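Pasted below: my_file-v1.csv, CSV, C-alpha atoms.
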```csv
chain,number,residue,atom,x,y,z
A,61,SER,CA,167.2,83.2,22.3
A,62,ASP,CA,164.7,86.0,23.0
A,63,PHE,CA,162.8,85.0,19.9
A,64,ALA,CA,162.4,81.4,21.2
A,65,ARG,CA,161.4,82.6,24.7
A,66,LEU,CA,158.6,84.8,23.3
A,67,CYS,CA,157.3,82.1,21.0
A,68,THR,CA,157.5,79.3,23.5
A,69,TRP,CA,156.0,81.3,26.4
A,70,ARG,CA,153.1,82.4,24.2
A,71,MET,CA,152.3,78.7,23.4
A,72,MET,CA,152.2,77.7,27.1
A,73,PRO,CA,148.7,77.3,28.6
A,74,ASP,CA,147.9,80.2,30.9
A,75,ALA,CA,148.1,78.3,34.2
A,76,ARG,CA,151.4,76.6,33.4
A,77,GLN,CA,152.8,79.8,32.1
A,78,THR,CA,152.0,81.7,35.3
A,79,ALA,CA,153.4,78.8,37.4
A,80,TYR,CA,156.5,78.7,35.3
A,81,PHE,CA,157.1,82.5,35.6
A,82,LEU,CA,156.6,82.4,39.4
A,83,GLN,CA,159.0,79.4,39.8
A,84,ARG,CA,161.5,81.2,37.6
A,85,LYS,CA,161.5,84.3,39.8
A,86,MET,CA,161.5,82.5,43.2
A,87,GLY,CA,165.1,82.0,44.1
A,88,GLY,CA,165.3,82.5,47.8
A,89,PHE,CA,167.7,85.4,48.5
A,90,PHE,CA,168.1,85.8,44.7
A,91,SER,CA,164.4,86.1,43.9
A,92,ASP,CA,163.1,89.0,41.7
A,93,PRO,CA,160.7,91.1,43.8
A,94,ALA,CA,159.7,93.3,40.9
A,95,ALA,CA,158.8,90.4,38.7
A,96,LEU,CA,157.0,88.5,41.5
A,97,CYS,CA,154.9,91.6,42.3
A,98,GLU,CA,154.2,92.1,38.6
A,99,ILE,CA,152.9,88.6,38.2
A,100,LEU,CA,150.9,88.3,41.5
A,101,SER,CA,149.3,91.8,41.1
A,102,THR,CA,148.1,91.4,37.5
A,103,ARG,CA,146.5,88.0,37.7
A,104,THR,CA,143.0,87.2,39.1
A,105,ASN,CA,142.3,84.8,41.9
A,106,GLU,CA,141.1,82.2,39.5
A,107,GLU,CA,144.3,82.5,37.4
A,108,LEU,CA,146.6,82.2,40.4
A,109,ARG,CA,144.7,79.3,41.9
A,110,ALA,CA,144.9,77.5,38.5
A,111,ALA,CA,148.7,78.1,38.5
A,112,ALA,CA,148.9,76.8,42.0
A,113,GLN,CA,147.3,73.6,41.0
A,114,VAL,CA,149.8,73.1,38.1
A,115,TYR,CA,152.7,73.9,40.4
A,116,GLU,CA,151.5,71.4,43.1
A,117,LYS,CA,150.8,68.7,40.6
A,118,ASP,CA,154.2,69.0,39.0
A,119,THR,CA,156.4,69.6,42.1
A,120,GLY,CA,154.3,68.1,45.0
A,121,LYS,CA,154.7,71.4,46.8
A,122,SER,CA,152.4,74.3,47.6
A,123,LEU,CA,152.9,77.4,45.5
A,124,SER,CA,151.7,79.5,48.4
A,125,ASP,CA,154.4,78.0,50.7
A,126,ALA,CA,157.0,78.4,48.0
A,127,LEU,CA,156.2,82.1,47.6
A,128,LYS,CA,156.4,82.7,51.3
A,129,HIS,CA,159.7,80.9,51.6
A,130,ALA,CA,161.2,82.8,48.6
A,131,THR,CA,160.3,86.1,50.2
A,132,GLY,CA,161.5,85.5,53.7
A,133,GLY,CA,160.2,82.3,55.1
A,134,THR,CA,161.0,82.0,58.8
A,135,LEU,CA,164.2,84.1,58.6
A,136,TYR,CA,162.6,87.3,57.5
A,137,THR,CA,159.2,88.7,58.5
A,138,GLY,CA,159.5,92.2,57.2
A,139,ASP,CA,156.7,94.1,55.6
A,140,TYR,CA,157.5,92.8,52.1
A,141,GLY,CA,157.4,89.2,53.3
A,142,LYS,CA,154.1,89.8,55.1
A,143,TRP,CA,152.7,91.4,52.0
A,144,ILE,CA,153.6,88.5,49.7
A,145,ALA,CA,152.3,86.1,52.3
A,146,ARG,CA,148.9,87.8,52.1
A,147,LEU,CA,148.9,87.8,48.3
A,148,ALA,CA,149.9,84.1,48.3
A,149,GLU,CA,146.6,83.2,49.8
A,150,PHE,CA,145.0,83.9,46.4
A,151,ASP,CA,141.9,85.4,47.9
A,152,ARG,CA,142.0,89.0,46.9
A,153,GLU,CA,138.8,90.9,47.1
A,154,GLU,CA,136.7,90.8,43.9
A,155,GLY,CA,134.6,93.9,43.1
A,156,TRP,CA,133.7,96.2,45.9
A,157,ALA,CA,130.5,96.8,47.9
A,158,GLY,CA,131.7,99.0,50.7
A,159,SER,CA,130.3,102.4,51.8
A,160,PRO,CA,131.6,106.0,51.4
A,161,GLN,CA,132.1,106.1,55.2
A,162,GLN,CA,134.4,103.1,55.0
A,163,LEU,CA,136.5,104.8,52.3
A,164,GLU,CA,136.8,108.0,54.4
A,165,ASP,CA,137.9,106.0,57.4
A,166,GLU,CA,140.5,104.1,55.4
A,167,ALA,CA,141.8,107.2,53.7
A,168,HIS,CA,142.2,108.9,57.1
A,169,ARG,CA,144.1,105.9,58.5
A,170,LEU,CA,146.5,105.9,55.5
A,171,TYR,CA,147.0,109.6,55.8
A,172,LYS,CA,147.8,109.3,59.5
A,173,ALA,CA,150.1,106.4,58.9
A,174,CYS,CA,152.3,108.2,56.4
A,175,GLU,CA,151.7,111.7,55.2
A,176,ALA,CA,150.8,113.1,58.6
A,177,ASN,CA,153.6,111.1,60.3
A,178,LEU,CA,156.6,113.4,60.2
A,179,ILE,CA,159.0,110.9,61.9
A,180,SER,CA,158.4,107.5,60.2
A,181,THR,CA,155.7,105.6,58.2
A,182,ASP,CA,153.5,103.1,60.0
A,183,GLU,CA,153.3,100.3,57.4
A,184,GLY,CA,150.6,98.4,59.3
A,185,PRO,CA,147.5,100.2,57.9
A,186,PHE,CA,148.9,99.8,54.3
A,187,LEU,CA,149.2,96.0,54.9
A,188,GLU,CA,145.8,95.7,56.5
A,189,ILE,CA,143.8,97.9,54.0
A,190,LEU,CA,145.5,97.4,50.6
A,191,ALA,CA,146.8,93.8,50.5
A,192,LYS,CA,143.4,92.3,49.8
A,193,ALA,CA,141.8,95.3,48.2
A,194,SER,CA,140.4,94.8,44.7
A,195,PRO,CA,141.3,97.2,41.8
A,196,GLU,CA,137.8,98.7,42.2
A,197,HIS,CA,138.2,99.2,45.9
A,198,ILE,CA,141.6,100.9,45.3
A,199,ALA,CA,140.3,103.2,42.7
A,200,TYR,CA,137.5,104.4,45.0
A,201,LEU,CA,140.1,104.7,47.9
A,202,GLU,CA,142.4,106.8,45.7
A,203,GLN,CA,139.6,109.3,45.1
A,204,ALA,CA,138.7,109.3,48.8
A,205,TYR,CA,142.4,109.9,49.7
A,206,GLU,CA,142.6,112.9,47.4
A,207,ASN,CA,139.3,114.3,48.8
A,208,HIS,CA,140.7,114.1,52.4
A,209,PRO,CA,140.9,117.7,53.7
A,210,LYS,CA,144.6,117.5,54.8
A,211,THR,CA,146.2,115.4,52.0
A,212,LYS,CA,148.6,117.2,49.7
A,213,ARG,CA,149.3,114.4,47.2
A,214,SER,CA,147.7,111.4,45.6
A,215,LEU,CA,147.8,108.0,47.3
A,216,ARG,CA,150.4,106.6,44.8
A,217,LYS,CA,152.6,109.6,45.4
A,218,THR,CA,152.3,109.0,49.1
A,219,LEU,CA,153.4,105.4,48.6
A,220,GLU,CA,156.4,106.5,46.5
A,221,LYS,CA,157.5,109.1,49.0
A,222,GLY,CA,156.6,107.3,52.3
A,223,LEU,CA,157.7,103.8,51.6
A,224,SER,CA,160.9,102.2,50.3
A,225,GLY,CA,162.5,99.0,49.0
A,226,ASN,CA,160.6,95.9,48.0
A,227,PHE,CA,157.6,96.9,50.1
A,228,ARG,CA,157.1,100.1,48.0
A,229,THR,CA,157.6,98.1,44.8
A,230,ALA,CA,154.9,95.7,45.9
A,231,LEU,CA,152.3,98.3,46.9
A,232,LEU,CA,152.8,100.3,43.7
A,233,ALA,CA,152.4,97.2,41.6
A,234,HIS,CA,149.2,96.4,43.5
A,235,CYS,CA,147.7,99.9,43.5
A,236,THR,CA,148.5,100.9,39.9
A,237,PRO,CA,145.8,100.0,37.3
A,238,LYS,CA,146.9,96.8,35.5
A,239,TRP,CA,147.6,98.3,32.0
A,240,GLU,CA,149.4,101.3,33.4
A,241,PHE,CA,151.6,99.1,35.5
A,242,LEU,CA,152.4,96.7,32.6
A,243,ALA,CA,153.1,99.7,30.3
A,244,HIS,CA,155.5,101.0,33.0
A,245,ARG,CA,157.2,97.6,33.2
A,246,LEU,CA,157.8,97.6,29.5
A,247,HIS,CA,159.2,101.1,29.8
A,248,VAL,CA,161.5,99.9,32.6
A,249,ALA,CA,162.7,97.1,30.3
A,250,THR,CA,164.0,99.6,27.7
A,251,LYS,CA,166.2,101.3,30.3
A,252,VAL,CA,165.7,104.6,28.6
A,253,GLU,CA,165.6,106.4,32.0
A,254,ASP,CA,168.6,104.8,33.5
A,255,LEU,CA,171.6,107.0,34.1
A,256,VAL,CA,173.8,104.2,32.7
A,257,ASP,CA,172.6,102.2,29.7
A,258,THR,CA,172.8,98.6,30.8
A,259,GLY,CA,170.9,97.2,27.8
A,260,THR,CA,167.3,96.2,27.2
A,261,ASP,CA,165.7,93.7,29.6
A,262,GLU,CA,164.3,91.4,26.9
A,263,GLU,CA,162.9,89.0,29.5
A,264,ILE,CA,160.4,91.5,30.8
A,265,ILE,CA,159.2,92.2,27.2
A,266,CYS,CA,158.8,88.5,26.5
A,267,ARG,CA,157.0,87.8,29.8
A,268,ILE,CA,154.5,90.6,29.3
A,269,LEU,CA,153.8,90.1,25.6
A,270,ALA,CA,153.5,86.3,26.2
A,271,SER,CA,151.0,86.6,29.0
A,272,CYS,CA,148.6,89.1,27.3
A,273,SER,CA,146.1,88.2,24.7
A,274,LYS,CA,146.3,90.0,21.3
A,275,ASN,CA,143.1,91.8,22.1
A,276,ASP,CA,144.6,93.2,25.3
A,277,ILE,CA,147.9,94.1,23.7
A,278,PHE,CA,146.1,95.9,20.8
A,279,TYR,CA,143.4,97.7,22.8
A,280,ASN,CA,144.8,98.1,26.3
A,281,LEU,CA,148.6,97.7,26.6
A,282,ILE,CA,149.9,99.6,23.6
A,283,PRO,CA,147.4,102.5,23.8
A,284,THR,CA,148.2,102.9,27.5
A,285,TYR,CA,152.0,102.8,26.8
A,286,ASP,CA,151.7,105.4,24.0
A,287,GLN,CA,149.6,107.7,26.2
A,288,MET,CA,152.1,107.5,29.0
A,289,TYR,CA,155.4,107.6,27.1
A,290,ALA,CA,155.1,108.4,23.4
A,291,GLU,CA,155.3,112.2,23.8
A,292,LYS,CA,157.9,112.0,26.6
A,293,ASP,CA,160.2,109.7,24.7
A,294,LYS,CA,159.4,111.0,21.2
A,295,LYS,CA,158.7,107.3,20.4
A,296,ASP,CA,155.5,105.3,20.4
A,297,PHE,CA,155.6,101.6,21.4
A,298,GLN,CA,156.4,100.3,18.0
A,299,ALA,CA,159.2,102.8,17.5
A,300,MET,CA,160.6,102.0,20.9
A,301,MET,CA,160.7,98.3,20.1
A,302,LYS,CA,162.5,99.0,16.8
A,303,SER,CA,165.1,101.0,18.6
A,304,GLU,CA,165.6,98.4,21.4
A,305,CYS,CA,165.2,95.0,19.6
A,306,SER,CA,166.3,93.5,16.3
A,307,GLY,CA,166.2,90.5,14.1
A,308,ASP,CA,163.8,87.6,14.5
A,309,PHE,CA,162.9,88.8,18.0
A,310,LEU,CA,161.7,92.2,16.7
A,311,GLN,CA,159.8,90.4,13.9
A,312,ALA,CA,158.0,88.3,16.5
A,313,ILE,CA,157.2,91.3,18.6
A,314,GLN,CA,155.7,93.0,15.5
A,315,ASP,CA,153.7,89.9,14.6
A,316,VAL,CA,152.3,89.7,18.1
A,317,THR,CA,151.5,93.4,18.4
A,318,THR,CA,150.5,94.8,15.0
A,319,SER,CA,147.8,92.5,13.5
A,320,TYR,CA,144.2,93.0,14.2
A,321,PRO,CA,142.9,90.6,16.9
A,322,PRO,CA,141.6,88.0,16.8
A,323,CYS,CA,143.5,86.9,13.8
A,324,GLY,CA,141.8,85.4,10.8
A,325,HIS,CA,145.1,83.6,9.9
A,326,LEU,CA,144.1,83.0,6.3
A,327,LEU,CA,142.0,86.2,6.0
A,328,GLU,CA,142.9,89.3,7.9
A,329,PRO,CA,139.7,90.9,9.3
A,330,GLU,CA,139.2,94.6,8.5
A,331,ARG,CA,137.8,95.1,12.0
A,332,ALA,CA,138.8,93.8,15.4
A,333,THR,CA,136.4,90.9,15.5
A,334,TYR,CA,135.5,88.1,13.2
A,335,GLU,CA,132.1,89.7,12.3
A,336,GLY,CA,131.6,89.7,8.6
A,337,THR,CA,134.6,87.4,7.9
A,338,THR,CA,133.9,84.2,9.8
A,339,ASP,CA,132.3,82.3,7.0
A,340,GLU,CA,134.9,83.3,4.4
A,341,THR,CA,137.8,82.5,6.8
A,342,ARG,CA,136.2,79.1,7.6
A,343,ASP,CA,135.8,78.3,4.0
A,344,LEU,CA,139.3,79.2,3.1
A,345,ALA,CA,140.7,77.2,6.0
A,346,TYR,CA,138.6,74.2,5.0
A,347,GLN,CA,139.8,74.4,1.4
A,348,ALA,CA,143.4,74.7,2.4
A,349,LEU,CA,143.1,71.6,4.7
A,350,GLN,CA,141.4,69.6,1.9
A,351,MET,CA,144.3,70.4,-0.4
A,352,THR,CA,147.2,69.8,2.0
A,353,TYR,CA,146.1,67.6,4.9
A,354,ASN,CA,147.6,64.1,4.9
A,355,TYR,CA,145.7,61.8,7.3
A,356,GLU,CA,148.4,59.1,7.3
A,357,THR,CA,151.2,61.6,8.3
A,358,ALA,CA,149.0,63.3,10.8
A,359,GLY,CA,148.1,60.0,12.4
A,360,GLU,CA,151.8,59.1,12.7
A,361,LEU,CA,152.7,62.4,14.2
A,362,GLY,CA,149.7,62.5,16.5
A,363,ALA,CA,150.7,59.1,17.9
A,364,ARG,CA,154.1,60.4,18.8
A,365,TYR,CA,153.1,62.3,21.9
A,366,ASP,CA,156.7,62.7,23.0
A,367,ALA,CA,157.5,64.4,19.7
A,368,LEU,CA,154.6,66.9,20.2
A,369,VAL,CA,155.8,67.7,23.7
A,370,GLU,CA,159.4,68.1,22.5
A,371,ALA,CA,158.3,70.4,19.7
A,372,THR,CA,156.0,72.7,21.6
A,373,ALA,CA,157.0,72.6,25.3
A,374,TRP,CA,153.4,72.7,26.2
A,375,ASP,CA,153.4,70.0,28.8
A,376,LEU,CA,157.0,69.7,30.0
A,377,PRO,CA,157.3,68.3,33.6
A,378,PHE,CA,157.5,71.3,36.0
A,379,PRO,CA,159.8,73.0,36.6
A,380,THR,CA,160.7,73.0,32.9
A,381,GLU,CA,163.9,71.1,33.1
A,382,GLY,CA,166.1,71.9,30.1
A,383,ILE,CA,163.9,74.6,28.6
A,384,ASP,CA,166.2,77.4,29.5
A,385,SER,CA,169.3,75.8,27.9
A,386,ALA,CA,167.3,75.3,24.7
A,387,LEU,CA,166.3,79.0,24.8
```
Conversion result in structure tokens:
Amino acid sequence: SDFARLCTWRMMPDARQTAYFLQRKMGGFFSDPAALCEILSTRTNEELRAAAQVYEKDTGKSLSDALKHATGGTLYTGDYGKWIARLAEFDREEGWAGSPQQLEDEAHRLYKACEANLISTDEGPFLEILAKASPEHIAYLEQAYENHPKTKRSLRKTLEKGLSGNFRTALLAHCTPKWEFLAHRLHVATKVEDLVDTGTDEEIICRILASCSKNDIFYNLIPTYDQMYAEKDKKDFQAMMKSECSGDFLQAIQDVTTSYPPCGHLLEPERATYEGTTDETRDLAYQALQMTYNYETAGELGARYDALVEATAWDLPFPTEGIDSAL
């Protein structure tokens, strides 16, 4: 069920979760380009390298090689395959220390490759300049592109109009600020803009809410979503979830997205941090444990490692054999 997916995925350690998501969306000719681009473009180098270690430990295979194979391998060397191959090196630029002249030169090259080219787009400069560019670099480059004397649209509008297919999807995922892109993906999941209503894509909702911390959901994801879509759809994030989801799944979404982070569990903080409530929360938790904790039972359960694994799915052998049938 979707309720089980969200709960189970949120309990997974970050590296295993990312590795699992990537493995789930790598299916050769049946891979999910939008999901792969979402995952690869919203994780840091450190997070992707940690996922690669988990994947290799559990499968004996290289995650980088698996991604390249899933998006073309030796049979297809198109622009999308080349783009994923570059992302799969997990060495995206961090920060940016270039010069204004570099930005001007790059903006001019991108202008000549697409907007100024009336016949067809030259994808080469987009691969060369953007694939390794950090979010900071891209933000500066977007400004430089808009300041170019001959451009008539933004860099992202140029990508939308000048490119197509999976390559366009990949570049837009990479060049859109993280929280704007994830908010867009949640909006895509609701299918509210589709000409034919094919139903909500609950997996996208589960994947995004499972991979974000409560702080990020509360302070970044939901405010960005509401700013982008609340007025347009006449529904904020919470209202949209109520209209698209139901039952235990909706309750789980509300539990994940409505309480103040980080949670006090036994005492809900009035503010977003534990400041002012840490001592009281600790004392309440200690009292509750003293009254209810059974050392003998805990010892028996703790010794049953297999039971813990079965109950939580935290450390299932990768790929997670049997987990989907349970969900």
Coordinates-based distance that separates CA of Cys97 in chain A from CA of Gln83 in chain A (Å, one decimal):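 According to the coordinates, CA of Gln83 in chain A and CA of Cys97 in chain A are separated by 13.1 Å.
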Here is a test: counting all atoms listed in the file, which residue of A:Glu116, A:Met351, A:Ala145, A:His208 is nearest to Lys128 in chain A?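 For Lys128 in chain A, the nearest of the candidates is A:Ala145.
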Could you tell me how far CA of Cys305 in chain A sits from CA of Ala95 in chain A, in Å to one decimal place? 20.7 Å
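Counting from CA of Gly225 in chain A, the distance to CA of Met288 in chain A is 24.1 Å.
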Surrounding residues of Leu127 in chain A excluding itself and chain neighbours under 6 positions, 8 Å, all atoms listed in the file, as a PyMOL selection string: chain A and resi 86+144-145+148
For C-alpha atoms, I'd like the residues from the last selection saved as a CSV table (one decimal), keeping the file's coordinate frame.
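Result file is part.csv:
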```csv
chain,number,residue,atom,x,y,z
A,86,MET,CA,161.5,82.5,43.2
A,144,ILE,CA,153.6,88.5,49.7
A,145,ALA,CA,152.3,86.1,52.3
A,148,ALA,CA,149.9,84.1,48.3
```
For Arg146 in chain A, which of A:Asn275, A:Ser101, A:Asn177, A:Ser224 is the closest residue, counting only C-alpha atoms?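 That would be A:Ser101, the residue with the smallest distance to Arg146 in chain A.
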Find, counting only C-alpha atoms, the residue in A:Ala191, A:Ile264, A:Ala111, A:Cys272 that gets nearest to Leu232 in chain A.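 Of all the options, A:Ala191 lies closest to Leu232 in chain A.
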From the list A:Pro195, A:Arg216, A:Gly141, A:Gly155, the nearest residue to Leu170 in chain A using all atoms listed in the file is A:Arg216
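Residues surrounding Ala249 in chain A within 9 Å are His244, Arg245, Leu246, His247, Lys251, Val252, Gly259, Thr260, Asp261, Glu262, Glu263, Ile264 and Ile265 of chain A [all atoms listed in the file; sequence separation below 2 positions excluded].
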Pick from A:Thr229, A:Ser194, A:Asp151, A:Lys302: nearest to Asp92 in chain A, with only C-alpha atoms counted?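 Counting only C-alpha atoms, the residue closest to Asp92 in chain A is A:Thr229.
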For Gly222 in chain A, find every residue with an atom within 8 Å (counting all atoms listed in the file), except residues of its own chain fewer than 2 positions away, and show them as a PyMOL selection string. chain A and resi 174-175+181+218-220+224
Counting all atoms listed in the file, which residue out of A:His234, A:Asp182, A:Tyr171, A:Asn226 sits closest to His197 in chain A?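 For His197 in chain A, the nearest of the candidates is A:His234.
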Using the block above, I'd like range 186-209 of chain A written out, keeping N, CA and C atoms and formatting it as a compact mmCIF listing (two decimals), in the first residue's frame.
```
# COMPACT_ATOMS: atom_id res chain seq x y z
N PHE A 186 25.63 22.62 -24.06
CA PHE A 186 24.81 22.36 -22.88
C PHE A 186 25.40 21.21 -22.07
N LEU A 187 25.84 20.16 -22.75
CA LEU A 187 26.49 19.05 -22.06
C LEU A 187 27.78 19.51 -21.38
N GLU A 188 28.58 20.25 -22.10
CA GLU A 188 29.89 20.64 -21.61
C GLU A 188 29.81 21.61 -20.43
N ILE A 189 28.90 22.57 -20.51
CA ILE A 189 28.85 23.64 -19.51
C ILE A 189 28.00 23.26 -18.30
N LEU A 190 26.85 22.62 -18.53
CA LEU A 190 25.86 22.46 -17.46
C LEU A 190 25.95 21.16 -16.68
N ALA A 191 26.46 20.09 -17.29
CA ALA A 191 26.41 18.78 -16.64
C ALA A 191 27.11 18.76 -15.29
N LYS A 192 28.23 19.44 -15.17
CA LYS A 192 28.99 19.44 -13.92
C LYS A 192 28.77 20.71 -13.10
N ALA A 193 27.99 21.64 -13.61
CA ALA A 193 27.83 22.93 -12.94
C ALA A 193 27.07 22.78 -11.62
N SER A 194 27.54 23.47 -10.59
CA SER A 194 26.88 23.45 -9.29
C SER A 194 25.64 24.33 -9.33
N PRO A 195 24.74 24.18 -8.35
CA PRO A 195 23.57 25.07 -8.30
C PRO A 195 23.95 26.54 -8.24
N GLU A 196 25.04 26.86 -7.53
CA GLU A 196 25.49 28.25 -7.45
C GLU A 196 25.95 28.75 -8.82
N HIS A 197 26.72 27.92 -9.51
CA HIS A 197 27.20 28.27 -10.85
C HIS A 197 26.02 28.51 -11.79
N ILE A 198 25.03 27.62 -11.74
CA ILE A 198 23.87 27.74 -12.63
C ILE A 198 23.09 29.01 -12.32
N ALA A 199 22.95 29.37 -11.05
CA ALA A 199 22.22 30.59 -10.68
C ALA A 199 22.90 31.82 -11.25
N TYR A 200 24.23 31.87 -11.15
CA TYR A 200 24.96 33.00 -11.73
C TYR A 200 24.85 33.00 -13.25
N LEU A 201 24.90 31.81 -13.83
CA LEU A 201 24.84 31.69 -15.28
C LEU A 201 23.47 32.11 -15.82
N GLU A 202 22.42 31.79 -15.09
CA GLU A 202 21.08 32.23 -15.50
C GLU A 202 21.00 33.75 -15.57
N GLN A 203 21.59 34.41 -14.57
CA GLN A 203 21.60 35.87 -14.58
C GLN A 203 22.42 36.41 -15.75
N ALA A 204 23.57 35.79 -15.99
CA ALA A 204 24.41 36.23 -17.10
C ALA A 204 23.71 36.02 -18.44
N TYR A 205 22.94 34.95 -18.55
CA TYR A 205 22.21 34.67 -19.79
C TYR A 205 21.13 35.73 -20.03
N GLU A 206 20.41 36.10 -18.98
CA GLU A 206 19.39 37.12 -19.12
C GLU A 206 19.98 38.49 -19.43
N ASN A 207 21.23 38.72 -18.98
CA ASN A 207 21.89 39.99 -19.24
C ASN A 207 22.54 40.05 -20.62
N HIS A 208 22.57 38.93 -21.33
CA HIS A 208 23.15 38.92 -22.67
C HIS A 208 22.35 39.88 -23.56
N PRO A 209 23.01 40.71 -24.35
CA PRO A 209 22.28 41.75 -25.11
C PRO A 209 21.30 41.22 -26.15
```
